[in-house]
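Step one of this worksheet: look at the structure below.
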Amino acid sequence: MLAQRLPALLPDLGPEESLEVTSLSSLAGRTLSGLISRPPMESPHHTTSAAALVGGGSKLIRPGAAARAAHGVLFLDEAPEFPSSVLDTLRQPLESGTITVHRANAVAHFPGRFQLVLAANPCPCGQYGTSDIVCVCTPMNRRRYLGRLSGPLLDRIDLQLRVNRVTAGAIRVGADEPSGVTTAQARARVEGARAVAGARLASTPWKTNAEVPGSWFRDGRRRLPGATTASIDRALERGTITMRGYDRVLRVAWTLADLDGGDSAPTREHVGWALFLRKSVNA
């Protein structure tokens, strides 16, 4: 449910993005009635092959689900049910923002800048951690199940959230209380943050924080004070995060600062919160 609502929080596509998304849909053989103006969402089944996920074909190379989700959301439900070899094909697009498909007679390059959302049960039976139903999975089964999500892939996941099972009492309480933030309000906040980031990156080839290489944030002119980055510096020294993770925490910290409004650099609280969100937290 959360993943399905994520595209509604994203701003409308710009002219170039709209043309790219529409072109990819056309290459995929879909019927179009005009330019696509809203971010797309793709949710392939866990039986999807690597070629169907990133693109392929024997004679004509067609874009896969990841390419069709460019500038939008790629949602993989029951992620551990996907073969590890299929999931690991996403590592290169998540890093470079481009999908490259090699065939014997051709090479195709597709846009691959999407937001990846993975959903997973805590174990094969889905009952581990619940208070009323006993999990029948052995520790080895749980380890093998979650082990299908490789370390390099998880290192590219910026936010992790553990969602507890909703009870009937929580549903009744939620129905009686007014909703906190509407989709329109959240989307306006996202658009404001995008505008702040766009103004900061106006003289660069990038438009969003996700596109910026980590070295740019660590440059002497934009490097945050040591007191601000103390938490991630310690985490890097202890080996709890990699250098890739370090840069990704910085990107999230800048995004949190942009969401707060203004054009100021992230504070110590922003960096600490970004590091906290990188771990699996309870909701």
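Chain labels follow the order of the structure tokens: the first chain is A, the next B, and so on; residue numbering restarts at 1 in every chain, and ligands are counted from 1 in their shown order.
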Using the chain letters and numbers from this document, which residues of range 16-160 of chain A does DSSP assign to strand (DSSP E or B), as an mmCIF file with C-alpha atoms, in the first residue's frame?
data_model
loop_
_atom_site.group_PDB
_atom_site.id
_atom_site.type_symbol
_atom_site.label_atom_id
_atom_site.label_comp_id
_atom_site.auth_asym_id
_atom_site.auth_seq_id
_atom_site.Cartn_x
_atom_site.Cartn_y
_atom_site.Cartn_z
ATOM 1 C CA MET A 41 5.336 2.490 -11.448
ATOM 2 C CA GLU A 42 6.327 -1.060 -12.334
ATOM 3 C CA GLY A 55 15.674 -5.602 -20.682
ATOM 4 C CA GLY A 56 16.654 -7.968 -23.424
ATOM 5 C CA ARG A 62 13.214 -4.160 -25.456
ATOM 6 C CA PRO A 63 13.306 -2.259 -22.164
ATOM 7 C CA VAL A 73 9.102 3.612 -8.865
ATOM 8 C CA LEU A 74 10.147 -0.016 -9.284
ATOM 9 C CA PHE A 75 8.393 -2.107 -6.636
ATOM 10 C CA LEU A 76 9.467 -5.690 -5.962
ATOM 11 C CA THR A 98 21.852 3.646 -16.718
ATOM 12 C CA ILE A 99 20.857 0.173 -17.880
ATOM 13 C CA THR A 100 23.162 -1.401 -20.456
ATOM 14 C CA VAL A 101 22.080 -4.559 -22.293
ATOM 15 C CA HIS A 102 24.664 -6.428 -24.351
ATOM 16 C CA VAL A 107 24.271 -2.942 -27.308
ATOM 17 C CA ALA A 108 21.355 -0.931 -25.895
ATOM 18 C CA HIS A 109 21.441 1.779 -23.245
ATOM 19 C CA PHE A 110 18.261 2.650 -21.334
ATOM 20 C CA PRO A 111 17.630 5.217 -18.576
ATOM 21 C CA GLN A 115 13.308 4.540 -6.953
ATOM 22 C CA LEU A 116 13.586 0.920 -5.898
ATOM 23 C CA VAL A 117 11.180 -0.308 -3.220
ATOM 24 C CA LEU A 118 11.619 -3.819 -1.825
ATOM 25 C CA GLN A 160 14.947 0.490 5.742
#
Residues at most 9 Å from range 188-198 of chain A, counting only C-alpha atoms, excluding those fewer than 2 positions away in the same chain, as a ChimeraX atom specification? /A:9-11,183-186,200-202,206-209,254-263
Calculated over only C-alpha atoms, which of the candidates A:Ile61, A:Cys123, A:Leu153, A:Ala106 has the smallest distance to Leu87 in chain A? A:Leu153
Give me, please, the distance in Å between CA of Thr228 in chain A and CA of Ala199 in chain A, quoted to one decimal. 23.0 Å
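In this comparison, which uses only C-alpha atoms, the residue of A:Asp233, A:Met1, A:Arg187, A:Thr130 approaching Arg165 in chain A most closely is A:Thr130.
Atom to atom, CA of Pro44 in chain A and CA of Lys279 in chain A stand 25.8 Å apart.
When CA of Gly112 in chain A is paired with CA of Ser203 in chain A, their separation reads 23.0 Å.
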Shell around Tyr246 in chain A at 12 Å using only C-alpha atoms, local window under 3 positions removed, as a PyMOL selection string: chain A and resi 155-158+213-215+217-218+229-237+239-243+249-253+271-272+274-275+278
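The closest residue to Arg113 in chain A, picked from A:Gly34, A:Gly220, A:Gly72, A:Gly57 and counting only C-alpha atoms, is A:Gly72.
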Extract the full set of helix (DSSP H, G or I) residues from range 86-241 of chain A according to DSSP on the backbone, and format it as a PyMOL selection string. chain A and resi 86-96+139-146+151-154+168-176+183-200+209-211+214-217+230-238
Please produce a file of the residues just selected, as a PDB file, in the first residue's frame, where the atoms kept are C-alpha atoms.
ATOM      1  CA  VAL A  86      17.843 -11.476 -10.989  1.00  0.00           C
ATOM      2  CA  LEU A  87      17.992  -9.063  -8.050  1.00  0.00           C
ATOM      3  CA  ASP A  88      21.708  -8.469  -8.534  1.00  0.00           C
ATOM      4  CA  THR A  89      21.114  -7.208 -12.082  1.00  0.00           C
ATOM      5  CA  LEU A  90      19.792  -4.029 -10.410  1.00  0.00           C
ATOM      6  CA  ARG A  91      23.125  -3.237  -8.750  1.00  0.00           C
ATOM      7  CA  GLN A  92      24.619  -1.523 -11.778  1.00  0.00           C
ATOM      8  CA  PRO A  93      21.557   0.644 -12.607  1.00  0.00           C
ATOM      9  CA  LEU A  94      21.240   1.731  -8.968  1.00  0.00           C
ATOM     10  CA  GLU A  95      24.836   2.917  -9.045  1.00  0.00           C
ATOM     11  CA  SER A  96      25.103   4.493 -12.492  1.00  0.00           C
ATOM     12  CA  PRO A 139      16.813 -20.178  11.987  1.00  0.00           C
ATOM     13  CA  MET A 140      18.570 -21.657   8.949  1.00  0.00           C
ATOM     14  CA  ASN A 141      15.429 -21.208   6.827  1.00  0.00           C
ATOM     15  CA  ARG A 142      15.137 -17.566   7.873  1.00  0.00           C
ATOM     16  CA  ARG A 143      18.815 -16.961   7.191  1.00  0.00           C
ATOM     17  CA  ARG A 144      18.605 -18.586   3.767  1.00  0.00           C
ATOM     18  CA  TYR A 145      15.409 -16.692   2.911  1.00  0.00           C
ATOM     19  CA  LEU A 146      16.741 -13.206   3.712  1.00  0.00           C
ATOM     20  CA  GLY A 151      25.015  -7.509   0.815  1.00  0.00           C
ATOM     21  CA  PRO A 152      26.008  -5.352  -2.194  1.00  0.00           C
ATOM     22  CA  LEU A 153      22.330  -4.879  -3.089  1.00  0.00           C
ATOM     23  CA  LEU A 154      21.353  -3.963   0.490  1.00  0.00           C
ATOM     24  CA  ALA A 168      -7.949  -4.423  14.814  1.00  0.00           C
ATOM     25  CA  GLY A 169      -7.649  -1.942  17.676  1.00  0.00           C
ATOM     26  CA  ALA A 170      -5.175   0.166  15.715  1.00  0.00           C
ATOM     27  CA  ILE A 171      -7.560   0.254  12.757  1.00  0.00           C
ATOM     28  CA  ARG A 172     -10.408   1.515  14.944  1.00  0.00           C
ATOM     29  CA  VAL A 173      -8.209   4.143  16.588  1.00  0.00           C
ATOM     30  CA  GLY A 174      -6.894   5.276  13.204  1.00  0.00           C
ATOM     31  CA  ALA A 175     -10.423   5.621  11.837  1.00  0.00           C
ATOM     32  CA  ASP A 176     -11.422   7.892  14.714  1.00  0.00           C
ATOM     33  CA  THR A 183      -1.043  13.195  -0.318  1.00  0.00           C
ATOM     34  CA  ALA A 184      -1.327  16.697  -1.777  1.00  0.00           C
ATOM     35  CA  GLN A 185       0.415  18.235   1.234  1.00  0.00           C
ATOM     36  CA  ALA A 186       3.221  15.690   1.155  1.00  0.00           C
ATOM     37  CA  ARG A 187       3.656  16.160  -2.582  1.00  0.00           C
ATOM     38  CA  ALA A 188       3.892  19.935  -2.167  1.00  0.00           C
ATOM     39  CA  ARG A 189       6.628  19.415   0.405  1.00  0.00           C
ATOM     40  CA  VAL A 190       8.511  17.119  -1.974  1.00  0.00           C
ATOM     41  CA  GLU A 191       8.195  19.674  -4.770  1.00  0.00           C
ATOM     42  CA  GLY A 192       9.593  22.346  -2.451  1.00  0.00           C
ATOM     43  CA  ALA A 193      12.563  20.156  -1.556  1.00  0.00           C
ATOM     44  CA  ARG A 194      13.176  19.423  -5.243  1.00  0.00           C
ATOM     45  CA  ALA A 195      13.164  23.165  -5.947  1.00  0.00           C
ATOM     46  CA  VAL A 196      15.755  23.799  -3.215  1.00  0.00           C
ATOM     47  CA  ALA A 197      17.995  21.026  -4.539  1.00  0.00           C
ATOM     48  CA  GLY A 198      17.528  22.220  -8.121  1.00  0.00           C
ATOM     49  CA  ALA A 199      18.642  25.735  -7.195  1.00  0.00           C
ATOM     50  CA  ARG A 200      21.753  24.380  -5.439  1.00  0.00           C
ATOM     51  CA  ASN A 209      20.553  14.768  -4.739  1.00  0.00           C
ATOM     52  CA  ALA A 210      20.288  11.130  -5.850  1.00  0.00           C
ATOM     53  CA  GLU A 211      22.225  11.925  -9.030  1.00  0.00           C
ATOM     54  CA  GLY A 214      29.473  11.404  -3.199  1.00  0.00           C
ATOM     55  CA  SER A 215      32.750  13.150  -3.965  1.00  0.00           C
ATOM     56  CA  TRP A 216      30.825  16.343  -4.733  1.00  0.00           C
ATOM     57  CA  PHE A 217      29.357  16.414  -1.218  1.00  0.00           C
ATOM     58  CA  ALA A 230      30.817  12.597  13.619  1.00  0.00           C
ATOM     59  CA  SER A 231      28.207   9.802  13.672  1.00  0.00           C
ATOM     60  CA  ILE A 232      28.901   8.521  10.161  1.00  0.00           C
ATOM     61  CA  ASP A 233      32.649   9.027  10.594  1.00  0.00           C
ATOM     62  CA  ARG A 234      32.543   6.679  13.576  1.00  0.00           C
ATOM     63  CA  ALA A 235      30.349   4.214  11.675  1.00  0.00           C
ATOM     64  CA  LEU A 236      32.832   4.190   8.783  1.00  0.00           C
ATOM     65  CA  GLU A 237      35.778   3.650  11.109  1.00  0.00           C
ATOM     66  CA  ARG A 238      34.011   0.759  12.835  1.00  0.00           C
TER      67      ARG A 238
END
Excluding range 13-29 of chain A and any residue of its chain fewer than 2 positions from it, enumerate the residues within 6 Å of it, using only C-alpha atoms, and give them as a ChimeraX atom specification. /A:35-38,62,68
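The residue set within 6 Å of Ala119 in chain A, counting only C-alpha atoms and dropping same-chain residues fewer than 2 places from it, reads Asp77, Glu78 and Ala79 of chain A.
Considering the residues A:Ile133, A:His71, A:Leu224, A:Gly126 and counting only C-alpha atoms, Phe114 in chain A has its shortest atom-to-atom contact with A:His71.
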